[in-house]
file final-v1.cif (mmCIF, C-alpha atoms)
data_my_file
#
loop_
_atom_site.group_PDB
_atom_site.id
_atom_site.type_symbol
_atom_site.label_atom_id
_atom_site.label_comp_id
_atom_site.auth_asym_id
_atom_site.auth_seq_id
_atom_site.Cartn_x
_atom_site.Cartn_y
_atom_site.Cartn_z
ATOM 1 C CA MET A 1191 153.462 119.189 107.024
ATOM 2 C CA SER A 1192 152.667 119.251 110.722
ATOM 3 C CA GLU A 1193 149.638 117.336 111.978
ATOM 4 C CA PRO A 1194 146.545 119.380 112.898
ATOM 5 C CA VAL A 1195 145.632 119.316 116.586
ATOM 6 C CA SER A 1196 142.486 120.533 118.269
ATOM 7 C CA ALA A 1197 142.663 123.302 120.863
ATOM 8 C CA ILE A 1198 141.837 121.061 123.807
ATOM 9 C CA GLN A 1199 143.906 118.125 122.603
ATOM 10 C CA GLY A 1200 141.667 115.179 123.255
ATOM 11 C CA ARG A 1201 140.208 115.998 126.664
ATOM 12 C CA ALA A 1202 137.324 113.710 127.510
ATOM 13 C CA ALA A 1203 135.170 112.779 130.474
ATOM 14 C CA SER A 1204 132.038 110.867 131.169
ATOM 15 C CA GLY A 1205 129.508 111.097 133.949
ATOM 16 C CA ASN A 1206 129.684 108.553 136.745
ATOM 17 C CA ALA A 1207 126.877 106.956 138.704
ATOM 18 C CA LYS A 1208 126.429 110.005 140.913
ATOM 19 C CA GLY A 1209 126.981 112.580 138.194
ATOM 20 C CA LEU A 1210 124.900 113.397 135.180
ATOM 21 C CA ALA A 1211 124.530 110.940 132.328
ATOM 22 C CA ILE A 1212 126.688 112.856 129.924
ATOM 23 C CA GLY A 1213 129.854 112.207 127.952
ATOM 24 C CA LEU A 1214 132.129 115.079 126.997
ATOM 25 C CA THR A 1215 134.649 114.437 124.251
ATOM 26 C CA ASP A 1216 136.944 116.629 122.241
ATOM 27 C CA ALA A 1217 135.838 115.945 118.678
ATOM 28 C CA GLY A 1218 139.396 116.547 117.466
ATOM 29 C CA PRO A 1219 140.204 118.451 114.295
ATOM 30 C CA GLN A 1220 136.969 118.809 112.343
ATOM 31 C CA GLY A 1221 136.332 120.203 108.907
ATOM 32 C CA MET A 1222 134.207 123.345 108.930
ATOM 33 C CA VAL A 1223 133.319 125.496 105.967
ATOM 34 C CA THR A 1224 131.461 128.774 106.294
ATOM 35 C CA LEU A 1225 129.152 129.288 103.357
ATOM 36 C CA ARG A 1226 127.360 132.592 102.893
ATOM 37 C CA GLY A 1227 124.996 133.360 100.068
ATOM 38 C CA ASP A 1228 121.369 133.138 99.029
ATOM 39 C CA LEU A 1229 120.164 130.002 100.828
ATOM 40 C CA SER A 1230 117.173 129.669 98.497
ATOM 41 C CA SER A 1231 119.386 129.385 95.429
ATOM 42 C CA PRO A 1232 119.235 125.993 93.615
ATOM 43 C CA ALA A 1233 122.945 126.228 92.745
ATOM 44 C CA LEU A 1234 123.832 126.666 96.407
ATOM 45 C CA ALA A 1235 121.591 123.740 97.386
ATOM 46 C CA ALA A 1236 123.334 121.561 94.802
ATOM 47 C CA ALA A 1237 126.770 122.635 96.050
ATOM 48 C CA VAL A 1238 125.804 121.812 99.652
ATOM 49 C CA GLN A 1239 124.450 118.433 98.572
ATOM 50 C CA GLU A 1240 127.671 117.734 96.720
ATOM 51 C CA ALA A 1241 129.899 118.780 99.631
ATOM 52 C CA VAL A 1242 128.137 117.210 102.623
ATOM 53 C CA GLY A 1243 125.349 115.099 101.151
ATOM 54 C CA VAL A 1244 122.419 116.807 102.855
ATOM 55 C CA SER A 1245 119.841 119.404 101.851
ATOM 56 C CA VAL A 1246 120.008 123.036 102.969
ATOM 57 C CA PRO A 1247 118.682 123.183 106.554
ATOM 58 C CA GLY A 1248 115.711 125.371 107.418
ATOM 59 C CA THR A 1249 115.834 128.206 109.938
ATOM 60 C CA ARG A 1250 117.632 127.079 113.134
ATOM 61 C CA GLU A 1251 118.041 123.536 111.890
ATOM 62 C CA ALA A 1252 120.920 121.156 111.323
ATOM 63 C CA ASN A 1253 120.885 118.334 108.768
ATOM 64 C CA PHE A 1254 123.326 115.514 109.352
ATOM 65 C CA ALA A 1255 123.979 112.231 107.577
ATOM 66 C CA GLY A 1256 126.929 109.932 108.052
ATOM 67 C CA GLY A 1257 129.124 112.355 109.980
ATOM 68 C CA ARG A 1258 128.655 115.202 107.519
ATOM 69 C CA GLY A 1259 126.152 117.950 107.787
ATOM 70 C CA ALA A 1260 125.035 121.513 107.365
ATOM 71 C CA VAL A 1261 124.003 123.858 110.178
ATOM 72 C CA TRP A 1262 121.897 126.992 109.767
ATOM 73 C CA MET A 1263 123.804 129.958 111.191
ATOM 74 C CA SER A 1264 121.869 133.007 109.980
ATOM 75 C CA PRO A 1265 119.465 133.858 107.122
ATOM 76 C CA ASP A 1266 122.413 133.922 104.718
ATOM 77 C CA GLU A 1267 124.964 131.646 106.341
ATOM 78 C CA LEU A 1268 125.543 127.910 106.762
ATOM 79 C CA LEU A 1269 128.261 126.008 108.549
ATOM 80 C CA LEU A 1270 129.192 122.830 106.720
ATOM 81 C CA ARG A 1271 130.622 120.008 108.833
ATOM 82 C CA LEU A 1272 132.796 117.360 107.225
ATOM 83 C CA PRO A 1273 135.994 115.399 107.924
ATOM 84 C CA TYR A 1274 139.011 117.658 108.464
ATOM 85 C CA GLY A 1275 140.940 116.508 105.415
ATOM 86 C CA ASP A 1276 137.990 117.052 103.067
ATOM 87 C CA ALA A 1277 137.442 120.727 103.886
ATOM 88 C CA PRO A 1278 139.963 122.382 101.513
ATOM 89 C CA ALA A 1279 138.769 120.389 98.498
ATOM 90 C CA ALA A 1280 135.103 120.955 99.388
ATOM 91 C CA THR A 1281 135.710 124.706 99.739
ATOM 92 C CA ALA A 1282 137.338 124.831 96.323
ATOM 93 C CA ALA A 1283 134.536 122.768 94.773
ATOM 94 C CA ILE A 1284 131.869 125.063 96.222
ATOM 95 C CA GLY A 1285 133.750 128.081 94.896
ATOM 96 C CA LYS A 1286 133.765 126.544 91.444
ATOM 97 C CA ALA A 1287 130.102 125.492 91.576
ATOM 98 C CA LEU A 1288 128.938 128.939 92.685
ATOM 99 C CA ASP A 1289 131.191 130.859 90.328
ATOM 100 C CA GLY A 1290 129.323 133.945 89.160
ATOM 101 C CA GLU A 1291 126.864 133.818 92.052
ATOM 102 C CA HIS A 1292 127.319 136.184 95.006
ATOM 103 C CA HIS A 1293 128.672 133.995 97.801
ATOM 104 C CA LEU A 1294 131.518 133.323 100.206
ATOM 105 C CA ALA A 1295 132.965 129.911 101.009
ATOM 106 C CA LEU A 1296 135.794 129.732 103.513
ATOM 107 C CA ASP A 1297 137.555 126.865 105.219
ATOM 108 C CA VAL A 1298 137.397 127.753 108.923
ATOM 109 C CA SER A 1299 138.280 124.308 110.277
ATOM 110 C CA ASP A 1300 141.021 125.624 112.548
ATOM 111 C CA ALA A 1301 138.963 128.509 113.889
ATOM 112 C CA ARG A 1302 136.844 126.577 116.342
ATOM 113 C CA THR A 1303 136.806 123.906 118.997
ATOM 114 C CA VAL A 1304 134.211 121.178 118.593
ATOM 115 C CA ILE A 1305 133.083 119.228 121.654
ATOM 116 C CA ARG A 1306 130.837 116.208 121.307
ATOM 117 C CA LEU A 1307 128.210 115.750 123.983
ATOM 118 C CA THR A 1308 126.451 112.459 124.439
ATOM 119 C CA GLY A 1309 123.917 111.120 126.888
ATOM 120 C CA GLU A 1310 120.396 111.793 128.008
ATOM 121 C CA ASP A 1311 121.287 114.605 130.409
ATOM 122 C CA VAL A 1312 122.828 116.895 127.799
ATOM 123 C CA PRO A 1313 119.787 119.263 127.825
ATOM 124 C CA GLU A 1314 120.053 119.370 131.612
ATOM 125 C CA VAL A 1315 123.680 120.505 131.390
ATOM 126 C CA LEU A 1316 123.269 122.947 128.504
ATOM 127 C CA ALA A 1317 120.225 124.550 130.093
ATOM 128 C CA LYS A 1318 122.400 125.539 133.044
ATOM 129 C CA CYS A 1319 124.897 127.218 130.725
ATOM 130 C CA ALA A 1320 122.909 129.027 128.046
ATOM 131 C CA PRO A 1321 119.619 131.009 127.962
ATOM 132 C CA VAL A 1322 117.887 128.549 125.656
ATOM 133 C CA ASP A 1323 114.674 126.581 126.094
ATOM 134 C CA LEU A 1324 115.786 122.949 126.207
ATOM 135 C CA ALA A 1325 112.680 121.469 127.769
ATOM 136 C CA PRO A 1326 111.605 118.126 126.291
ATOM 137 C CA GLY A 1327 110.028 118.800 122.913
ATOM 138 C CA ALA A 1328 111.386 122.341 122.645
ATOM 139 C CA PHE A 1329 114.669 121.341 121.010
ATOM 140 C CA PRO A 1330 114.064 118.232 118.864
ATOM 141 C CA VAL A 1331 116.686 116.316 116.892
ATOM 142 C CA GLY A 1332 117.837 118.492 114.001
ATOM 143 C CA SER A 1333 117.609 121.770 115.931
ATOM 144 C CA ALA A 1334 120.505 124.200 116.028
ATOM 145 C CA ARG A 1335 121.025 127.310 118.088
ATOM 146 C CA ARG A 1336 123.590 130.055 118.299
ATOM 147 C CA THR A 1337 123.745 131.657 121.692
ATOM 148 C CA HIS A 1338 126.207 132.461 124.442
ATOM 149 C CA MET A 1339 127.567 130.892 127.608
ATOM 150 C CA GLY A 1340 128.486 133.849 129.763
ATOM 151 C CA GLN A 1341 130.712 136.011 127.601
ATOM 152 C CA ILE A 1342 131.555 133.441 124.953
ATOM 153 C CA ALA A 1343 129.580 132.887 121.782
ATOM 154 C CA VAL A 1344 128.716 129.243 121.188
ATOM 155 C CA ALA A 1345 126.557 127.234 118.824
ATOM 156 C CA PHE A 1346 125.161 123.799 119.462
ATOM 157 C CA TRP A 1347 122.992 121.377 117.585
ATOM 158 C CA ARG A 1348 121.321 118.061 118.218
ATOM 159 C CA ILE A 1349 122.379 115.375 115.749
ATOM 160 C CA ALA A 1350 120.511 112.500 117.390
ATOM 161 C CA GLU A 1351 118.431 112.019 120.527
ATOM 162 C CA THR A 1352 121.509 111.707 122.749
ATOM 163 C CA GLU A 1353 124.178 113.152 120.465
ATOM 164 C CA TRP A 1354 125.046 116.842 120.338
ATOM 165 C CA GLU A 1355 127.875 119.035 119.169
ATOM 166 C CA ILE A 1356 128.887 122.383 120.590
ATOM 167 C CA VAL A 1357 131.359 124.770 119.002
ATOM 168 C CA ALA A 1358 133.127 127.890 120.201
ATOM 169 C CA LEU A 1359 136.092 129.842 118.981
ATOM 170 C CA ARG A 1360 139.307 127.886 119.364
ATOM 171 C CA SER A 1361 140.857 129.980 122.129
ATOM 172 C CA TYR A 1362 137.792 129.392 124.332
ATOM 173 C CA GLY A 1363 138.145 125.607 124.054
ATOM 174 C CA HIS A 1364 139.416 124.826 127.531
ATOM 175 C CA HIS A 1365 137.091 127.383 129.118
ATOM 176 C CA LEU A 1366 134.105 125.814 127.358
ATOM 177 C CA TYR A 1367 135.182 122.306 128.303
ATOM 178 C CA ASP A 1368 135.780 123.215 131.967
ATOM 179 C CA TRP A 1369 132.416 124.947 132.160
ATOM 180 C CA LEU A 1370 130.541 121.960 130.741
ATOM 181 C CA ALA A 1371 132.474 119.564 132.970
ATOM 182 C CA ALA A 1372 131.673 121.653 136.057
ATOM 183 C CA SER A 1373 127.993 121.751 135.112
ATOM 184 C CA ALA A 1374 127.941 117.965 134.818
ATOM 185 C CA LYS A 1375 129.517 117.280 138.218
ATOM 186 C CA PRO A 1376 127.900 114.894 140.685
ATOM 187 C CA GLY A 1377 125.022 116.582 142.439
ATOM 188 C CA GLY A 1378 124.577 119.029 139.591
ATOM 189 C CA LYS A 1379 121.265 117.741 138.358
ATOM 190 C CA VAL A 1380 118.561 120.375 138.592
ATOM 191 C CA GLY A 1381 115.855 117.924 137.639
ATOM 192 C CA VAL A 1382 113.331 120.306 136.100
ATOM 193 C CA PHE A 1383 113.053 118.338 132.850
ATOM 194 C CA MET B 1009 115.216 141.748 131.651
ATOM 195 C CA LEU B 1010 113.736 142.121 128.201
ATOM 196 C CA LEU B 1011 112.627 139.173 126.112
ATOM 197 C CA LEU B 1012 113.024 140.028 122.439
ATOM 198 C CA THR B 1013 112.049 138.015 119.378
ATOM 199 C CA CYS B 1014 114.463 138.285 116.489
ATOM 200 C CA PRO B 1015 112.383 138.728 113.307
ATOM 201 C CA HIS B 1016 115.157 137.141 111.228
ATOM 202 C CA CYS B 1017 115.683 133.818 112.965
ATOM 203 C CA GLY B 1018 112.585 133.653 115.149
ATOM 204 C CA VAL B 1019 114.526 133.191 118.371
ATOM 205 C CA SER B 1020 112.759 134.501 121.419
ATOM 206 C CA GLY B 1021 115.823 135.201 123.444
ATOM 207 C CA ASP B 1022 116.672 137.094 126.549
ATOM 208 C CA GLU B 1023 118.318 140.463 126.532
ATOM 209 C CA THR B 1024 121.815 139.081 127.121
ATOM 210 C CA GLU B 1025 121.771 137.565 123.651
ATOM 211 C CA PHE B 1026 121.198 140.945 121.993
ATOM 212 C CA ALA B 1027 123.168 144.165 121.727
ATOM 213 C CA PRO B 1028 121.355 147.516 121.880
ATOM 214 C CA GLY B 1029 121.938 150.023 119.082
ATOM 215 C CA GLY B 1030 120.168 153.145 120.301
ATOM 216 C CA GLU B 1031 117.149 154.949 118.914
ATOM 217 C CA ALA B 1032 115.677 153.688 115.646
ATOM 218 C CA HIS B 1033 114.524 155.594 112.567
ATOM 219 C CA LEU B 1034 117.020 158.440 112.815
ATOM 220 C CA LYS B 1035 117.256 160.557 109.704
ATOM 221 C CA ARG B 1036 120.869 160.823 108.704
ATOM 222 C CA PHE B 1037 122.351 164.203 107.772
ATOM 223 C CA GLY B 1038 125.702 163.841 106.075
ATOM 224 C CA PRO B 1039 127.903 165.987 103.846
ATOM 225 C CA GLY B 1040 126.148 169.133 102.615
ATOM 226 C CA SER B 1041 123.832 169.432 105.604
ATOM 227 C CA SER B 1042 123.834 172.405 107.937
ATOM 228 C CA ASP B 1043 125.640 172.346 111.264
ATOM 229 C CA GLY B 1044 122.292 172.430 113.023
ATOM 230 C CA GLU B 1045 120.992 169.376 111.171
ATOM 231 C CA PHE B 1046 124.198 167.479 111.743
ATOM 232 C CA GLU B 1047 124.099 168.284 115.434
ATOM 233 C CA THR B 1048 120.506 167.036 115.599
ATOM 234 C CA TYR B 1049 121.441 163.808 113.851
ATOM 235 C CA LEU B 1050 124.408 163.176 116.100
ATOM 236 C CA PHE B 1051 123.155 164.210 119.499
ATOM 237 C CA TYR B 1052 119.399 164.816 119.697
ATOM 238 C CA ARG B 1053 117.376 161.866 120.907
ATOM 239 C CA ARG B 1054 113.755 161.620 121.987
ATOM 240 C CA ASN B 1055 114.313 159.787 125.270
ATOM 241 C CA PRO B 1056 110.548 159.384 125.779
ATOM 242 C CA LYS B 1057 108.768 158.156 128.852
ATOM 243 C CA GLY B 1058 106.601 155.520 127.214
ATOM 244 C CA VAL B 1059 106.652 154.131 123.690
ATOM 245 C CA HIS B 1060 110.136 153.964 122.225
ATOM 246 C CA PHE B 1061 111.564 152.529 119.001
ATOM 247 C CA GLU B 1062 115.017 151.025 119.252
ATOM 248 C CA ARG B 1063 117.645 149.256 117.180
ATOM 249 C CA TRP B 1064 118.923 145.914 118.381
ATOM 250 C CA ARG B 1065 121.346 143.390 117.003
ATOM 251 C CA HIS B 1066 121.104 139.664 117.583
ATOM 252 C CA ALA B 1067 124.782 139.660 118.541
ATOM 253 C CA PHE B 1068 124.988 136.169 120.043
ATOM 254 C CA GLY B 1069 122.790 134.658 117.379
ATOM 255 C CA CYS B 1070 122.186 135.283 113.708
ATOM 256 C CA GLY B 1071 123.992 138.630 113.896
ATOM 257 C CA LYS B 1072 121.269 140.621 112.136
ATOM 258 C CA TRP B 1073 119.948 144.066 113.031
ATOM 259 C CA PHE B 1074 116.287 144.632 113.766
ATOM 260 C CA HIS B 1075 114.002 147.183 115.368
ATOM 261 C CA ALA B 1076 111.970 146.814 118.526
ATOM 262 C CA ALA B 1077 109.137 148.891 119.968
ATOM 263 C CA ARG B 1078 108.874 148.898 123.721
ATOM 264 C CA CYS B 1079 107.621 150.904 126.637
ATOM 265 C CA THR B 1080 110.388 152.529 128.661
ATOM 266 C CA VAL B 1081 108.162 152.627 131.752
ATOM 267 C CA THR B 1082 106.847 149.066 131.932
ATOM 268 C CA MET B 1083 109.498 147.397 129.720
ATOM 269 C CA GLU B 1084 106.658 145.844 127.707
ATOM 270 C CA VAL B 1085 107.852 144.893 124.219
ATOM 271 C CA PHE B 1086 105.144 145.688 121.666
ATOM 272 C CA GLY B 1087 106.866 144.000 118.775
ATOM 273 C CA THR B 1088 109.968 143.632 116.655
ATOM 274 C CA TYR B 1089 110.488 144.049 112.913
ATOM 275 C CA PRO B 1090 113.363 143.955 110.390
ATOM 276 C CA ALA B 1091 115.542 147.043 110.165
ATOM 277 C CA ASP B 1092 115.106 147.667 106.425
ATOM 278 C CA VAL B 1093 112.217 150.131 106.850
ATOM 279 C CA THR B 1094 112.003 153.853 107.555
ATOM 280 C CA GLU B 1095 108.981 153.652 109.823
ATOM 281 C CA PRO B 1096 107.292 151.003 111.971
ATOM 282 C CA PRO B 1097 104.806 148.683 110.228
ATOM 283 C CA ALA B 1098 101.171 149.848 110.344
ATOM 284 C CA GLU B 1099 99.867 146.860 112.298
ATOM 285 C CA LEU B 1100 102.470 147.405 115.023
ATOM 286 C CA VAL B 1101 101.440 151.063 115.297
ATOM 287 C CA GLU B 1102 97.802 149.878 115.617
ATOM 288 C CA THR B 1103 98.792 147.467 118.401
ATOM 289 C CA ILE B 1104 100.585 150.207 120.287
ATOM 290 C CA ARG B 1105 97.659 152.626 119.880
ATOM 291 C CA ALA B 1106 95.290 150.024 121.302
ATOM 292 C CA LYS B 1107 97.521 149.518 124.327
ATOM 293 C CA ARG B 1108 98.620 153.136 124.809
ATOM 294 C CA PRO B 1109 95.722 155.412 123.704
ATOM 295 C CA GLU B 1110 97.571 158.470 125.065
ATOM 296 C CA TRP B 1111 100.596 157.849 122.803
ATOM 297 C CA GLU B 1112 101.216 160.801 120.471
ATOM 298 C CA GLY B 1113 102.147 158.532 117.545
ATOM 299 C CA PHE B 1114 105.332 157.824 115.662
#

call {"tool": "encode", "arguments": {"input": "final-v1.cif", "output": "structure tokens"}}
result
Amino acid sequence: MSEPVSAIQGRAASGNAKGLAIGLTDAGPQGMVTLRGDLSSPALAAAVQEAVGVSVPGTREANFAGGRGAVWMSPDELLLRLPYGDAPAATAAIGKALDGEHHLALDVSDARTVIRLTGEDVPEVLAKCAPVDLAPGAFPVGSARRTHMGQIAVAFWRIAETEWEIVALRSYGHHLYDWLAASAKPGGKVGVF
Amino acid sequence: MLLLTCPHCGVSGDETEFAPGGEAHLKRFGPGSSDGEFETYLFYRRNPKGVHFERWRHAFGCGKWFHAARCTVTMEVFGTYPADVTEPPAELVETIRAKRPEWEGF
């Protein structure tokens, strides 16, 4: 079987002394499972715990532990994040656990590009790209948001103080990367935060 | 630019994150209705100057439909509510009445 590759094939950059303090890295092939169903159901909570080891996130939240996590996407949808190779088995296990309950679990690992953002100026960069309040305190660790950057739909979440992930559909990968890189260029700091 | 609050996910987002869906609370006339009723359902809209009820979808967000009440003159948004109702909630109507005493009502 051929090896999975990400859409932007390992592009990476980091801010220099004159630029913004931000690192941009292609996260590579990542496991992603879309799970739709009744998020208040105990069976679904157990299946999520089993698959990614975290509890079901609240509205616009993301729970992460040890590189696995669950992100709130809509009132009836979660995105589960796990290592690429684990996604097919996890999808099958969720299907088995929720058998008889109205739900949908689908392995969408190859559908999106995941870019990892690190550094203290990530809010500064994202705030230039998306209409989201990223002022200090407005987007604490564990927050998630679906929004848009120009015409493309994106979602991003804050895993730790200086660690973020942003996803977009696979074909937008290079566009997303170029946009973020341009926003993080030297001299690009707005400095409102 | 409108600022709308999605009642499903609580996001207070700007207009670019939402997609408009036309007038809200239309009564649908389908098979078995008269030509006149069907024409009304398809083409007749209120287009008021003032208080208006609209459908919106949080397209670049949670993807859910909701309703919004706003003023077409001042662009003031009176409130938003989920789309699974046939008329605006009573407290929203009260709010609008307080702000627009001349409004003829829903």

call {"tool": "resolve_selection", "arguments": {"input": "final-v1.cif", "expression": "the PyMOL selection byres ((chain A) within 10 of (chain B))", "output": "list in words"}}
result
Thr1249, Arg1250, Trp1262, Met1263, Ser1264, Pro1265, Asp1266, Glu1267, Ala1320, Pro1321, Val1322, Asp1323, Arg1335, Arg1336, Thr1337, His1338, Met1339, Gly1340, Gln1341, Ile1342, Ala1343, Val1344 and Ala1345 of chain A

call {"tool": "resolve_selection", "arguments": {"input": "final-v1.cif", "expression": "the PyMOL selection byres ((chain A and resi 1252) around 9)", "output": "ChimeraX atom specification"}}
result
/A:1246-1251,1253-1254,1259-1262,1331-1334,1347-1349

call {"tool": "resolve_selection", "arguments": {"input": "final-v1.cif", "expression": "the PyMOL selection byres ((chain A and resi 1278-1294) around 8)", "output": "ChimeraX atom specification"}}
result
/A:1223-1228,1233-1234,1237-1238,1241,1275-1277,1295-1297

call {"tool": "residues_around", "arguments": {"input": "final-v1.cif", "residues": "Pro1096 in chain B", "least_positions_apart": "2", "cutoff": "9 Å", "atoms": "only C-alpha atoms", "output": "list in words"}}
result
His1033, Phe1061, His1075, Ala1077, Tyr1089, Val1093, Thr1094, Ala1098, Glu1099, Leu1100, Val1101 and Phe1114 of chain B

call {"tool": "residues_around", "arguments": {"input": "final-v1.cif", "residues": "Glu1110 in chain B", "least_positions_apart": "6", "cutoff": "12 Å", "atoms": "only C-alpha atoms", "output": "mmCIF file with C-alpha atoms, in the frame of the given file"}}
result
data_model
loop_
_atom_site.group_PDB
_atom_site.id
_atom_site.type_symbol
_atom_site.label_atom_id
_atom_site.label_comp_id
_atom_site.auth_asym_id
_atom_site.auth_seq_id
_atom_site.Cartn_x
_atom_site.Cartn_y
_atom_site.Cartn_z
ATOM 1 C CA LYS B 1057 108.768 158.156 128.852
ATOM 2 C CA GLY B 1058 106.601 155.520 127.214
ATOM 3 C CA VAL B 1059 106.652 154.131 123.690
ATOM 4 C CA ILE B 1104 100.585 150.207 120.287
#

call {"tool": "atom_distance", "arguments": {"input": "final-v1.cif", "atom1": "CA of Gly1363 in chain A", "atom2": "CA of Arg1302 in chain A"}}
result
7.9 Å

call {"tool": "atom_distance", "arguments": {"input": "final-v1.cif", "atom1": "CA of Trp1369 in chain A", "atom2": "CA of Ala1317 in chain A"}}
result
12.4 Å

call {"tool": "residues_around", "arguments": {"input": "final-v1.cif", "residues": "Phe1046 in chain B", "least_positions_apart": "4", "cutoff": "12 Å", "atoms": "only C-alpha atoms", "output": "PyMOL selection string"}}
result
chain B and resi 1034-1042+1050-1052

call {"tool": "closest_residue", "arguments": {"input": "final-v1.cif", "among": "A:Val1304, A:Val1315, A:Val1380, A:Leu1370", "to": "Phe1346 in chain A", "atoms": "only C-alpha atoms"}}
result
A:Val1304

call {"tool": "atom_distance", "arguments": {"input": "final-v1.cif", "atom1": "CA of Tyr1274 in chain A", "atom2": "CA of Pro1219 in chain A"}}
result
6.0 Å

call {"tool": "residues_around", "arguments": {"input": "final-v1.cif", "residues": "Ala1197 in chain A", "least_positions_apart": "2", "cutoff": "8 Å", "atoms": "all atoms listed in the file", "output": "PyMOL selection string"}}
result
chain A and resi 1195+1199+1303+1360-1361+1363-1364

call {"tool": "axis_aligned_box", "arguments": {"input": "final-v1.cif", "around": "range 1253-1265 of chain A", "padding_each_side": "4 Å", "output": "JSON"}}
result
{"center_x": 124.3, "center_y": 121.9, "center_z": 109.2, "size_x": 17.7, "size_y": 31.9, "size_z": 12.1}

call {"tool": "closest_residue", "arguments": {"input": "final-v1.cif", "among": "B:Ala1106, B:Met1009, B:Ala1076, B:Ala1032", "to": "Arg1053 in chain B", "atoms": "all atoms listed in the file"}}
result
B:Ala1032

call {"tool": "residues_around", "arguments": {"input": "final-v1.cif", "residues": "Ala1091 in chain B", "least_positions_apart": "5", "cutoff": "8 Å", "atoms": "only C-alpha atoms", "output": "NGL selection string"}}
result
:B and (1063 or 1073-1075)
